[in-house]
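The structure file run.cif is reproduced below (mmCIF, C-alpha atoms).
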data_run
loop_
_atom_site.label_atom_id
_atom_site.label_comp_id
_atom_site.auth_asym_id
_atom_site.auth_seq_id
_atom_site.Cartn_x
_atom_site.Cartn_y
_atom_site.Cartn_z
CA MET A 28 0.00 0.00 0.00
CA THR A 29 1.34 3.43 -0.91
CA GLY A 30 -1.05 5.46 1.21
CA ARG A 31 -1.92 7.54 -1.81
CA LYS A 32 -5.23 9.35 -1.54
CA ILE A 33 -7.94 7.92 -3.81
CA VAL A 34 -10.40 10.42 -5.23
CA LYS A 35 -13.29 10.20 -7.67
CA LYS A 36 -12.84 12.59 -10.58
CA PRO A 37 -15.88 14.85 -10.91
CA GLU A 38 -17.51 15.92 -14.14
CA VAL A 39 -16.69 19.37 -15.53
CA LEU A 40 -20.08 20.70 -16.67
CA ALA A 41 -20.09 23.75 -18.96
CA PRO A 42 -22.87 26.01 -20.26
CA ALA A 43 -23.83 26.01 -23.92
CA GLY A 44 -26.20 28.71 -25.09
CA ASN A 45 -26.07 27.52 -28.70
CA LEU A 46 -24.60 24.81 -30.90
CA GLU A 47 -21.32 26.65 -31.48
CA LYS A 48 -20.78 27.03 -27.73
CA LEU A 49 -21.64 23.36 -27.16
CA LYS A 50 -18.91 22.25 -29.54
CA ILE A 51 -16.39 24.73 -28.15
CA ALA A 52 -17.07 23.72 -24.54
CA ILE A 53 -16.47 20.05 -25.35
CA ARG A 54 -13.38 20.78 -27.45
CA TYR A 55 -11.97 22.76 -24.54
CA GLY A 56 -12.42 20.03 -21.98
CA ALA A 57 -15.99 19.84 -20.70
CA ASP A 58 -17.22 16.35 -19.80
CA ALA A 59 -20.80 17.53 -20.23
CA VAL A 60 -22.78 20.59 -21.24
CA TYR A 61 -26.20 21.89 -20.27
CA ILE A 62 -28.41 23.59 -22.81
CA GLY A 63 -31.93 24.96 -23.11
CA GLY A 64 -34.76 23.88 -25.33
CA GLN A 65 -37.31 26.26 -26.78
CA ALA A 66 -39.70 25.72 -23.88
CA PHE A 67 -39.82 25.05 -20.13
CA GLY A 68 -36.47 26.73 -19.31
CA LEU A 69 -35.27 29.86 -17.50
CA ARG A 70 -33.18 31.50 -20.23
CA SER A 71 -35.64 32.71 -22.83
CA ARG A 72 -33.02 35.10 -24.28
CA ALA A 73 -30.29 32.50 -24.66
CA GLY A 74 -29.78 30.91 -28.08
CA ASN A 75 -31.94 27.97 -27.18
CA PHE A 76 -31.80 24.75 -29.20
CA SER A 77 -34.24 23.40 -31.74
CA TYR A 78 -34.72 19.62 -31.81
CA GLU A 79 -32.51 19.43 -34.89
CA GLU A 80 -29.72 21.36 -33.14
CA MET A 81 -30.06 19.12 -30.09
CA GLN A 82 -29.67 16.08 -32.30
CA GLU A 83 -26.51 17.48 -33.86
CA GLY A 84 -25.17 18.50 -30.45
CA VAL A 85 -25.83 15.08 -28.94
CA ALA A 86 -24.11 13.34 -31.86
CA PHE A 87 -21.08 15.64 -31.49
CA ALA A 88 -20.92 15.14 -27.72
CA HIS A 89 -21.44 11.38 -27.67
CA ALA A 90 -18.77 10.89 -30.32
CA ARG A 91 -16.37 12.49 -27.82
CA ASP A 92 -17.68 10.68 -24.71
CA ALA A 93 -19.40 13.82 -23.45
CA LYS A 94 -22.99 14.27 -22.24
CA VAL A 95 -25.75 16.78 -22.94
CA TYR A 96 -28.32 17.86 -20.35
CA VAL A 97 -31.35 20.06 -21.01
CA ALA A 98 -32.50 22.62 -18.45
CA ALA A 99 -36.30 22.58 -18.12
CA ASN A 100 -36.30 24.31 -14.75
CA MET A 101 -39.12 26.85 -14.96
CA VAL A 102 -41.70 27.21 -12.19
CA ALA A 103 -44.88 26.14 -13.96
CA HIS A 104 -48.17 27.98 -13.59
CA ASP A 105 -51.50 26.58 -14.74
CA GLY A 106 -51.27 25.96 -18.47
CA ASP A 107 -47.48 26.02 -18.56
CA THR A 108 -47.18 22.23 -18.57
CA GLU A 109 -49.08 21.81 -21.83
CA GLY A 110 -46.93 19.87 -24.28
CA ALA A 111 -44.37 18.87 -21.65
CA GLY A 112 -44.89 15.15 -22.12
CA GLU A 113 -44.20 15.35 -25.86
CA PHE A 114 -41.20 17.63 -25.19
CA PHE A 115 -39.61 15.16 -22.78
CA ARG A 116 -40.29 12.19 -25.05
CA LYS A 117 -38.60 13.99 -27.91
CA LEU A 118 -35.54 14.72 -25.75
CA ARG A 119 -35.35 11.08 -24.71
CA ASP A 120 -35.56 9.89 -28.30
CA ILE A 121 -32.90 12.39 -29.41
CA GLY A 122 -30.55 10.91 -26.82
CA ILE A 123 -30.39 13.72 -24.25
CA ASP A 124 -28.60 12.33 -21.20
CA ALA A 125 -30.79 14.02 -18.57
CA VAL A 126 -33.16 16.92 -17.97
CA ILE A 127 -32.71 19.44 -15.16
CA VAL A 128 -36.10 20.18 -13.58
CA SER A 129 -37.35 22.01 -10.49
CA ASP A 130 -41.14 21.85 -10.71
CA PRO A 131 -42.69 18.65 -9.24
CA ALA A 132 -45.42 18.69 -11.89
CA LEU A 133 -42.87 18.66 -14.70
CA ILE A 134 -40.88 15.95 -12.92
CA SER A 135 -44.02 13.82 -12.67
CA ILE A 136 -44.86 14.39 -16.33
CA CYS A 137 -41.35 13.44 -17.39
CA PHE A 138 -41.41 10.15 -15.50
CA ALA A 139 -44.89 9.31 -16.76
CA ASP A 140 -44.51 10.31 -20.40
CA ALA A 141 -40.80 9.80 -21.06
CA PRO A 142 -39.69 6.76 -19.06
CA GLY A 143 -35.97 6.18 -19.32
CA LEU A 144 -35.04 9.87 -19.44
CA PRO A 145 -33.00 10.66 -16.29
CA VAL A 146 -34.08 13.67 -14.21
CA HIS A 147 -31.76 15.94 -12.25
CA LEU A 148 -33.18 18.33 -9.65
CA SER A 149 -32.47 21.98 -10.43
CA THR A 150 -30.80 24.32 -7.95
CA GLN A 151 -34.08 26.26 -8.12
CA ALA A 152 -35.59 23.58 -5.84
CA SER A 153 -33.33 24.60 -2.91
CA ALA A 154 -31.97 21.21 -1.84
CA THR A 155 -29.90 21.94 1.27
CA ASN A 156 -29.78 18.71 3.32
CA TYR A 157 -29.30 14.98 2.83
CA LYS A 158 -32.87 14.08 3.80
CA THR A 159 -34.10 16.20 0.92
CA LEU A 160 -31.72 14.35 -1.41
CA GLU A 161 -33.00 11.03 -0.09
CA PHE A 162 -36.58 12.17 -0.70
CA TRP A 163 -35.83 12.99 -4.33
CA LYS A 164 -33.98 9.68 -4.70
CA GLN A 165 -37.18 7.92 -3.65
CA GLN A 166 -39.02 9.85 -6.37
CA GLY A 167 -36.60 8.44 -8.96
CA LEU A 168 -34.07 11.27 -9.36
CA GLU A 169 -30.41 10.28 -9.61
CA ARG A 170 -28.77 13.70 -9.23
CA VAL A 171 -29.47 16.90 -7.30
CA VAL A 172 -28.03 20.31 -8.12
CA LEU A 173 -27.43 21.70 -4.65
CA ALA A 174 -28.79 25.08 -3.61
CA ARG A 175 -26.17 27.79 -3.97
CA GLU A 176 -26.65 28.64 -0.30
CA VAL A 177 -25.15 25.32 0.84
CA SER A 178 -21.79 25.58 2.65
CA MET A 179 -18.80 23.32 2.20
CA SER A 180 -19.34 21.72 5.60
CA GLU A 181 -22.95 21.01 4.67
CA ILE A 182 -21.87 19.40 1.39
CA GLN A 183 -19.49 17.17 3.34
CA GLU A 184 -22.32 16.19 5.68
CA ILE A 185 -24.70 15.48 2.79
CA GLY A 186 -22.09 13.35 1.04
CA GLN A 187 -21.65 11.18 4.12
CA HIS A 188 -25.35 10.31 4.32
CA THR A 189 -26.53 9.75 0.76
CA ASP A 190 -25.33 8.24 -2.49
CA VAL A 191 -27.40 10.59 -4.65
CA GLU A 192 -25.13 12.38 -7.11
CA MET A 193 -24.35 15.95 -6.09
CA GLU A 194 -23.85 18.79 -8.54
CA ALA A 195 -22.71 22.24 -7.42
CA PHE A 196 -22.00 25.55 -9.10
CA ILE A 197 -18.32 26.46 -9.00
CA HIS A 198 -18.03 29.49 -11.29
CA GLY A 199 -20.05 32.33 -12.75
CA ALA A 200 -22.74 34.85 -11.97
CA MET A 201 -24.78 34.40 -8.81
CA CYS A 202 -28.41 35.41 -8.45
CA ILE A 203 -28.85 37.73 -5.47
CA SER A 204 -32.14 36.06 -4.58
CA TYR A 205 -32.50 32.82 -2.65
CA SER A 206 -31.88 29.91 -5.03
CA GLY A 207 -32.75 32.14 -7.96
CA ARG A 208 -36.38 32.61 -6.96
CA CYS A 209 -36.98 36.31 -7.50
CA THR A 210 -39.94 38.55 -8.33
CA LEU A 211 -38.13 41.87 -8.84
CA SER A 212 -38.32 41.44 -12.60
CA ASN A 213 -42.03 40.60 -12.39
CA HIS A 214 -42.74 43.78 -10.45
CA MET A 215 -40.42 46.19 -12.28
CA ALA A 216 -40.55 44.93 -15.87
CA ASN A 217 -43.58 42.62 -15.99
CA ARG A 218 -41.25 39.76 -16.96
CA ASP A 219 -41.49 36.56 -14.92
CA ALA A 220 -38.01 35.50 -13.80
CA ASN A 221 -39.22 32.05 -12.80
CA ARG A 222 -40.66 31.40 -16.22
CA GLY A 223 -37.63 32.49 -18.23
CA GLY A 224 -38.06 36.24 -18.56
CA CYS A 225 -35.71 37.75 -15.95
CA ALA A 226 -34.86 41.39 -16.73
CA GLN A 227 -32.01 41.32 -14.18
CA SER A 228 -33.48 44.21 -12.21
CA CYS A 229 -30.97 43.53 -9.42
CA ARG A 230 -28.15 44.59 -11.76
CA TRP A 231 -29.73 47.92 -12.67
CA LYS A 232 -28.07 51.07 -11.31
CA TYR A 233 -29.87 52.90 -8.53
CA ASP A 234 -29.37 56.01 -6.46
CA LEU A 235 -29.55 55.21 -2.77
CA PHE A 236 -30.95 57.80 -0.36
CA GLU A 237 -31.56 58.15 3.35
CA ILE A 238 -33.95 60.68 4.85
CA ASP A 239 -32.49 62.72 7.71
CA ASN A 240 -35.01 65.07 9.34
CA GLY A 241 -36.94 65.15 6.13
CA VAL A 242 -33.88 65.93 4.02
CA PRO A 243 -32.81 63.26 1.45
CA ARG A 244 -29.09 62.48 1.26
CA ASN A 245 -27.56 60.44 -1.55
CA LEU A 246 -25.42 57.66 -0.03
CA VAL A 247 -23.63 56.97 -3.30
CA GLU A 248 -20.50 59.11 -3.35
CA GLU A 249 -19.02 60.67 -6.47
CA ASP A 250 -16.19 58.13 -6.76
CA GLU A 251 -18.53 55.16 -6.32
CA GLU A 252 -20.58 53.17 -8.76
CA PRO A 253 -24.37 53.56 -8.49
CA PHE A 254 -25.98 51.14 -6.07
CA SER A 255 -27.20 47.74 -7.26
CA MET A 256 -28.56 44.69 -5.48
CA SER A 257 -26.30 42.32 -7.38
CA ALA A 258 -23.68 39.85 -6.19
CA VAL A 259 -20.11 39.48 -7.38
CA ASP A 260 -19.32 36.33 -9.35
CA LEU A 261 -18.45 32.92 -7.96
CA SER A 262 -15.07 31.25 -8.46
CA MET A 263 -13.91 28.08 -6.70
CA ILE A 264 -10.77 27.68 -8.78
CA ARG A 265 -8.52 27.51 -5.70
CA PHE A 266 -10.77 25.08 -3.85
CA ILE A 267 -11.36 22.25 -6.30
CA PRO A 268 -9.67 19.79 -3.86
CA ASP A 269 -12.34 20.62 -1.27
CA MET A 270 -15.12 20.01 -3.79
CA VAL A 271 -13.65 16.68 -4.89
CA GLU A 272 -13.01 15.44 -1.36
CA ALA A 273 -16.53 16.43 -0.30
CA GLY A 274 -17.85 14.05 -2.96
CA VAL A 275 -19.28 16.52 -5.46
CA ASP A 276 -19.93 14.57 -8.67
CA SER A 277 -20.40 17.46 -11.09
CA LEU A 278 -18.73 20.88 -11.08
CA LYS A 279 -21.06 23.31 -12.81
CA ILE A 280 -20.05 26.50 -14.61
CA GLU A 281 -22.68 29.22 -15.05
CA GLY A 282 -23.05 31.18 -18.28
CA ARG A 283 -25.32 29.98 -21.09
CA MET A 284 -25.53 33.57 -22.34
CA LYS A 285 -21.76 34.15 -22.18
CA SER A 286 -19.40 34.20 -25.19
CA ILE A 287 -17.31 31.37 -26.65
CA HIS A 288 -14.28 33.28 -25.31
CA TYR A 289 -15.69 32.81 -21.80
CA VAL A 290 -16.82 29.22 -22.32
CA SER A 291 -13.54 28.06 -23.83
CA THR A 292 -11.37 29.75 -21.22
CA VAL A 293 -13.30 28.70 -18.13
CA ALA A 294 -13.89 25.11 -19.28
CA SER A 295 -10.20 24.73 -20.15
CA VAL A 296 -8.96 26.11 -16.84
CA TYR A 297 -11.20 23.94 -14.66
CA ARG A 298 -10.33 20.92 -16.82
CA LYS A 299 -6.65 21.49 -16.06
CA VAL A 300 -7.19 21.93 -12.32
CA VAL A 301 -9.44 18.88 -11.96
CA ASP A 302 -7.05 16.70 -13.96
CA ALA A 303 -4.00 17.92 -12.05
CA TYR A 304 -5.55 17.32 -8.65
CA CYS A 305 -7.12 13.95 -9.42
CA ALA A 306 -3.93 12.66 -11.05
CA ASP A 307 -1.88 13.17 -7.88
CA PRO A 308 -3.85 14.69 -4.98
CA ASP A 309 -1.09 14.15 -2.43
CA ASN A 310 1.36 16.29 -4.38
CA PHE A 311 -1.05 18.77 -5.90
CA VAL A 312 0.17 22.37 -6.01
CA PHE A 313 -2.11 25.15 -7.23
CA ASP A 314 -0.69 27.10 -10.16
CA PRO A 315 -1.55 30.84 -9.92
CA ALA A 316 -1.48 30.96 -13.73
CA TRP A 317 -4.80 29.10 -13.72
CA GLU A 318 -6.49 31.88 -11.78
CA ALA A 319 -4.79 34.55 -13.90
CA GLU A 320 -6.32 32.92 -16.96
CA LEU A 321 -9.81 33.22 -15.50
CA TRP A 322 -9.33 36.95 -14.94
CA LYS A 323 -9.02 37.35 -18.71
CA VAL A 324 -12.75 36.66 -19.02
CA ALA A 325 -13.89 37.99 -15.63
CA GLN A 326 -16.58 40.66 -15.78
CA ARG A 327 -16.83 41.30 -12.04
CA GLU A 328 -14.99 40.65 -8.80
CA LEU A 329 -14.84 37.01 -7.68
CA SER A 330 -15.70 35.31 -4.39
CA THR A 331 -16.39 31.87 -2.94
CA GLY A 332 -20.08 32.60 -2.39
CA PHE A 333 -21.63 30.70 0.52
CA PHE A 334 -19.09 27.88 0.63
CA TYR A 335 -16.95 29.15 3.52
CA GLN A 336 -18.84 32.05 5.08
CA GLU A 337 -22.03 34.06 4.84
CA PRO A 338 -21.58 36.67 2.10
CA THR A 339 -21.47 40.28 3.29
CA GLU A 340 -21.75 43.65 1.57
CA ASP A 341 -18.19 43.06 0.35
CA GLU A 342 -19.58 40.43 -2.01
CA GLN A 343 -22.03 42.87 -3.60
CA LEU A 344 -21.54 45.11 -6.62
CA PHE A 345 -21.50 48.59 -5.18
CA GLY A 346 -19.14 50.96 -3.43
CA LYS A 347 -15.56 51.84 -4.32
CA THR A 348 -14.12 50.52 -7.55
CA ARG A 349 -10.90 49.08 -8.83
CA LYS A 350 -9.68 48.26 -12.32
CA ILE A 351 -9.13 44.78 -13.72
CA PRO A 352 -7.68 43.80 -17.11
CA GLN A 353 -10.12 43.13 -19.89
CA TYR A 354 -9.44 41.02 -22.94
CA ALA A 355 -11.34 41.04 -26.21
CA PHE A 356 -11.93 37.91 -28.28
CA ALA A 357 -10.20 38.96 -31.52
CA ALA A 358 -10.26 35.97 -33.90
CA GLN A 359 -10.76 32.24 -34.36
CA VAL A 360 -8.21 30.11 -36.18
CA LEU A 361 -9.64 28.43 -39.27
CA ASP A 362 -6.45 26.88 -40.65
CA TYR A 363 -2.67 26.83 -40.30
CA ASP A 364 0.09 26.18 -42.82
CA PRO A 365 3.17 24.79 -41.02
CA THR A 366 5.38 25.44 -44.05
CA THR A 367 4.73 29.18 -44.22
CA LYS A 368 3.72 29.55 -40.55
CA ILE A 369 0.66 31.48 -41.73
CA ALA A 370 -2.64 31.12 -39.91
CA THR A 371 -6.01 31.80 -41.51
CA LEU A 372 -8.33 33.60 -39.08
CA GLN A 373 -11.95 34.65 -38.80
CA GLN A 374 -12.07 38.12 -37.25
CA ARG A 375 -14.26 38.64 -34.19
CA ASN A 376 -12.94 42.05 -33.01
CA ASN A 377 -10.95 44.83 -34.64
CA PHE A 378 -7.17 44.32 -34.49
CA GLY A 379 -4.18 45.38 -36.54
CA ILE A 380 -0.44 45.42 -37.15
CA GLY A 381 1.64 46.43 -34.15
CA GLU A 382 -0.78 45.15 -31.50
CA GLU A 383 0.13 42.46 -28.98
CA ILE A 384 -2.20 39.49 -29.18
CA GLU A 385 -2.41 36.08 -27.50
CA PHE A 386 -3.31 32.68 -28.91
CA TYR A 387 -4.68 29.79 -26.84
CA GLY A 388 -6.13 26.39 -27.66
CA PRO A 389 -7.73 23.29 -26.08
CA GLY A 390 -5.44 22.12 -23.28
CA GLU A 391 -2.60 24.31 -24.51
CA VAL A 392 -0.68 27.08 -22.78
CA GLY A 393 -1.14 30.26 -24.77
CA PHE A 394 1.54 32.42 -26.30
CA LYS A 395 1.78 36.14 -26.99
CA GLN A 396 3.21 37.90 -30.00
CA ILE A 397 3.00 41.12 -31.99
CA VAL A 398 0.93 41.23 -35.18
CA ASN A 399 3.65 41.83 -37.77
CA ASP A 400 1.69 41.30 -40.97
CA LEU A 401 -1.87 40.91 -42.24
CA TRP A 402 -3.47 39.87 -45.52
CA ASP A 403 -7.11 39.85 -46.51
CA GLU A 404 -8.89 36.90 -48.13
CA HIS A 405 -7.48 37.96 -51.51
CA ASP A 406 -3.91 37.91 -50.13
CA GLU A 407 -3.72 41.70 -50.32
CA PRO A 408 -1.68 43.33 -47.50
CA ILE A 409 -3.79 45.29 -44.98
CA GLU A 410 -3.02 47.28 -41.83
CA ARG A 411 -6.09 46.27 -39.81
CA ALA A 412 -8.90 43.72 -39.75
CA PRO A 413 -11.86 46.03 -39.09
CA ASN A 414 -14.83 44.03 -40.38
CA ALA A 415 -16.69 41.47 -38.30
CA MET A 416 -16.24 37.86 -39.44
CA MET A 417 -13.82 38.81 -42.23
CA THR A 418 -11.18 36.23 -43.20
CA VAL A 419 -7.57 37.34 -42.72
CA LYS A 420 -4.13 35.74 -42.63
CA MET A 421 -1.08 36.45 -40.49
CA THR A 422 2.27 34.91 -39.61
CA VAL A 423 2.31 33.28 -36.17
CA ASP A 424 5.29 32.57 -33.93
CA HIS A 425 4.19 29.07 -32.91
CA PRO A 426 1.98 26.38 -34.49
CA VAL A 427 -1.77 26.73 -34.01
CA GLU A 428 -4.76 24.66 -35.07
CA ALA A 429 -8.35 25.13 -36.12
CA PHE A 430 -10.50 26.21 -33.16
CA TYR A 431 -7.64 27.97 -31.44
CA PHE A 432 -8.62 31.49 -30.40
CA MET A 433 -6.85 34.83 -30.45
CA ARG A 434 -7.49 37.62 -27.97
CA LYS A 435 -6.02 41.02 -27.20
CA LYS A 436 -5.79 43.08 -24.06
CA LYS A 437 -8.02 46.11 -23.97
CA GLU A 438 -7.90 49.08 -21.66
CA GLU A 439 -8.50 48.34 -18.00
CA ARG A 440 -12.15 48.18 -17.05
CA VAL A 441 -13.83 49.18 -13.81
CA ALA A 442 -14.97 46.33 -11.57
CA LYS A 443 -17.52 47.10 -8.90
CA LYS A 444 -16.07 46.29 -5.53
CA ARG A 445 -16.94 47.56 -2.09
CA VAL A 446 -13.91 48.65 -0.10
CA LYS A 447 -14.19 48.83 3.67
CA ALA A 448 -13.41 52.19 5.17
#
Could you render the structure from this file as structure tokens?
Amino acid sequence: MTGRKIVKKPEVLAPAGNLEKLKIAIRYGADAVYIGGQAFGLRSRAGNFSYEEMQEGVAFAHARDAKVYVAANMVAHDGDTEGAGEFFRKLRDIGIDAVIVSDPALISICFADAPGLPVHLSTQASATNYKTLEFWKQQGLERVVLAREVSMSEIQEIGQHTDVEMEAFIHGAMCISYSGRCTLSNHMANRDANRGGCAQSCRWKYDLFEIDNGVPRNLVEEDEEPFSMSAVDLSMIRFIPDMVEAGVDSLKIEGRMKSIHYVSTVASVYRKVVDAYCADPDNFVFDPAWEAELWKVAQRELSTGFFYQEPTEDEQLFGKTRKIPQYAFAAQVLDYDPTTKIATLQQRNNFGIGEEIEFYGPGEVGFKQIVNDLWDEHDEPIERAPNAMMTVKMTVDHPVEAFYFMRKKKEERVAKKRVKA
């Protein structure tokens, strides 16, 4: 016996708002993706999938030993369940690996009308203890997405008392409301958040006043961002060992409405960390470069949410500000000629000669270089690539492949962060 720690490798689960993002997420290391159909979900503005797109996505994923889950996690009102049985049957027949559901009526319909289609409980259902997981196991569910309010110690306790699969969010935006059940949008924009229409009223900018002897005083100072009710983003990149050892089976990344730049970067980074830890947990050392990579797609400050302490005002998006680097997704590699060292690119953001750019690919460490030359699709020299989706060519310092991405650093952007006085 070597005494080496034995761990079960969890699934890296990435968001996929459309077919392109599905394929990118899997190419960049996701074991599974979750998508939305054109009904019964909570992201009506995401690029939700038609049945034909689902079929293509499932074929692509299964050919690479990856899985596809469909979020059908709306809170159903009377009339909302019409057509659900046919919807679930179609997903089963397409080969969807599981549906993510929160409403008991939809769960019941799925089991009755689409036997054989696994059901996972959505985080919207607020599962926070092992007895709740056992209850859902008795109903036939094999996995529960834990409530985002569950702490690490509670996850450890749950894992010791049930064999139901546990899924937990590890990265991305966090709803300020309890388990995502909010009615701000309903009241302020007449859009039902729990039926897919959230207007993100919590992220709007507000003035904040107090009344002192009848005189209003604005509490938002000149050097502060306007008040919002929104949380900073979640990132558990430094604490993957805790998640694995607690028995979490699936590590879930938020962001079905985020870009392929975000999806590729975040999926790739968590893939590397999970693989590194599970390969040799006793000698695992966290590489700060992993976290630095995540900051290239960060939109807000990052925190560990509820995992280690109750969030305070320091985990909300208001107050003093600081600047963080921002990177723009500049191009996607279409082809590479190793003889000439020329890459063919599809432009996604304006760039030109003299700028420093960075290439990165699936599982690969990126490299930086200066753009020294550019040609258009007719091999005519150009100074810049200004037009969206135009095809250009350039000489690269190191080999690249199709589906590698190119990004460039933009000016620093302001991140909302409260600073204690």
**Request:** Excluding A:Ile203 and any residue of its chain fewer than 2 positions from it, enumerate the residues within 12 Å of it, using only C-alpha atoms, and give them as a ChimeraX atom specification.
**Result:** /A:175-176,200-201,205-211,227-230,255-261,332-333,338-340,342-344
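Residues in contact range of stretch 109-113 of chain A, defined as at most 7 Å between all atoms listed in the file, with sequence neighbours fewer than 6 positions away removed, read Ile136, Cys137, Asp140 and Ala141 of chain A.
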**Prompt:** Once the PyMOL selection byres ((chain A and resi 271) around 9) has been applied to the shown file, what residues remain in the selection, as a ChimeraX atom specification?
**Reply:** /A:34-37,266-270,272-276,301,304-305
What's around A:Arg411 at 9 Å? Count only C-alpha atoms, leave out sequence neighbours fewer than 4 positions away in its own chain, and write the answer as a PDB file with C-alpha atoms, keeping the file's coordinate frame.
ATOM      1  CA  ASN A 377     -10.950  44.830 -34.640  1.00  0.00           C
ATOM      2  CA  PHE A 378      -7.170  44.320 -34.490  1.00  0.00           C
ATOM      3  CA  GLY A 379      -4.180  45.380 -36.540  1.00  0.00           C
ATOM      4  CA  ILE A 380      -0.440  45.420 -37.150  1.00  0.00           C
ATOM      5  CA  LEU A 401      -1.870  40.910 -42.240  1.00  0.00           C
ATOM      6  CA  TRP A 402      -3.470  39.870 -45.520  1.00  0.00           C
TER       7      TRP A 402
END
**Message:** Between atom CA of A:His104 and atom CA of A:Leu160, what is the distance in Å, rounded to a tenth?
**Reply:** 24.6 Å
**Fill in**
Using all atoms listed in the file, the best pick from A:Val247, A:Ala316, A:Met179, A:Met433 as closest to A:Tyr354 would be A:Met433
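Of the residues under consideration (A:Phe313, A:Tyr431, A:Phe236, A:Phe87), A:Phe313 shows the shortest atom-to-atom contact distance to A:Val300 when counting all atoms listed in the file.
Using all atoms listed in the file, the protein and nucleic acid residues lying no more than 9 Å from A:Val423, apart from those fewer than 2 places from it along its own chain, are Lys368, Ile369, Ala370, Gln396, Ile397, Val398, Asn399, Met421, His425, Pro426 and Val427 of chain A.
Put simply, atom CA of A:Tyr157 is 7.6 Å away from atom CA of A:Gly186.
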The PyMOL selection byres ((chain A and resi 145) around 12) - which residues does that actually catch in the file I just gave you? List them as a PDB file with C-alpha atoms, in the frame of the given file.
ATOM      1  CA  VAL A  95     -25.750  16.780 -22.940  1.00  0.00           C
ATOM      2  CA  TYR A  96     -28.320  17.860 -20.350  1.00  0.00           C
ATOM      3  CA  VAL A  97     -31.350  20.060 -21.010  1.00  0.00           C
ATOM      4  CA  PHE A 115     -39.610  15.160 -22.780  1.00  0.00           C
ATOM      5  CA  ARG A 116     -40.290  12.190 -25.050  1.00  0.00           C
ATOM      6  CA  LEU A 118     -35.540  14.720 -25.750  1.00  0.00           C
ATOM      7  CA  ARG A 119     -35.350  11.080 -24.710  1.00  0.00           C
ATOM      8  CA  GLY A 122     -30.550  10.910 -26.820  1.00  0.00           C
ATOM      9  CA  ILE A 123     -30.390  13.720 -24.250  1.00  0.00           C
ATOM     10  CA  ASP A 124     -28.600  12.330 -21.200  1.00  0.00           C
ATOM     11  CA  ALA A 125     -30.790  14.020 -18.570  1.00  0.00           C
ATOM     12  CA  VAL A 126     -33.160  16.920 -17.970  1.00  0.00           C
ATOM     13  CA  ILE A 127     -32.710  19.440 -15.160  1.00  0.00           C
ATOM     14  CA  VAL A 128     -36.100  20.180 -13.580  1.00  0.00           C
ATOM     15  CA  ILE A 134     -40.880  15.950 -12.920  1.00  0.00           C
ATOM     16  CA  CYS A 137     -41.350  13.440 -17.390  1.00  0.00           C
ATOM     17  CA  PHE A 138     -41.410  10.150 -15.500  1.00  0.00           C
ATOM     18  CA  ALA A 139     -44.890   9.310 -16.760  1.00  0.00           C
ATOM     19  CA  ALA A 141     -40.800   9.800 -21.060  1.00  0.00           C
ATOM     20  CA  PRO A 142     -39.690   6.760 -19.060  1.00  0.00           C
ATOM     21  CA  GLY A 143     -35.970   6.180 -19.320  1.00  0.00           C
ATOM     22  CA  LEU A 144     -35.040   9.870 -19.440  1.00  0.00           C
ATOM     23  CA  VAL A 146     -34.080  13.670 -14.210  1.00  0.00           C
ATOM     24  CA  HIS A 147     -31.760  15.940 -12.250  1.00  0.00           C
ATOM     25  CA  LEU A 148     -33.180  18.330  -9.650  1.00  0.00           C
ATOM     26  CA  LYS A 164     -33.980   9.680  -4.700  1.00  0.00           C
ATOM     27  CA  GLN A 166     -39.020   9.850  -6.370  1.00  0.00           C
ATOM     28  CA  GLY A 167     -36.600   8.440  -8.960  1.00  0.00           C
ATOM     29  CA  LEU A 168     -34.070  11.270  -9.360  1.00  0.00           C
ATOM     30  CA  GLU A 169     -30.410  10.280  -9.610  1.00  0.00           C
ATOM     31  CA  ARG A 170     -28.770  13.700  -9.230  1.00  0.00           C
ATOM     32  CA  VAL A 171     -29.470  16.900  -7.300  1.00  0.00           C
TER      33      VAL A 171
END
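Taking atom CA of A:His405 as the reference point, atom CA of A:Tyr387 is found at 26.1 Å.
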**Item:** Nearby residues, (-10.1, 35.6, -35.9) file frame, 10 Å, only C-alpha atoms, as a list in words
**Value:** Phe356, Ala357, Ala358, Gln359, Val360, Leu361, Ala370, Thr371, Leu372, Gln373, Gln374, Arg375, Asn376, Asn377, Phe378, Ala412, Ala415, Met416, Met417, Thr418, Val419, Lys420, Phe430, Tyr431, Phe432, Met433 and Arg434 of chain A
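Minimum distance to A:Asp314 across A:Ile264, A:Phe67, A:Ile121, A:Leu49 (counting only C-alpha atoms) occurs at A:Ile264.
Each of A:Met81, A:Ala99, A:Val324, A:Ile197 was compared to A:Lys117 using all atoms listed in the file, and A:Met81 turns out to be the nearest.
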**the PyMOL selection byres ((chain A and resi 298) around 12) applied to the shown file, residues as a ChimeraX atom specification** = /A:36-41,52-59,264,267,278-280,290-297,299-306,317,389-391
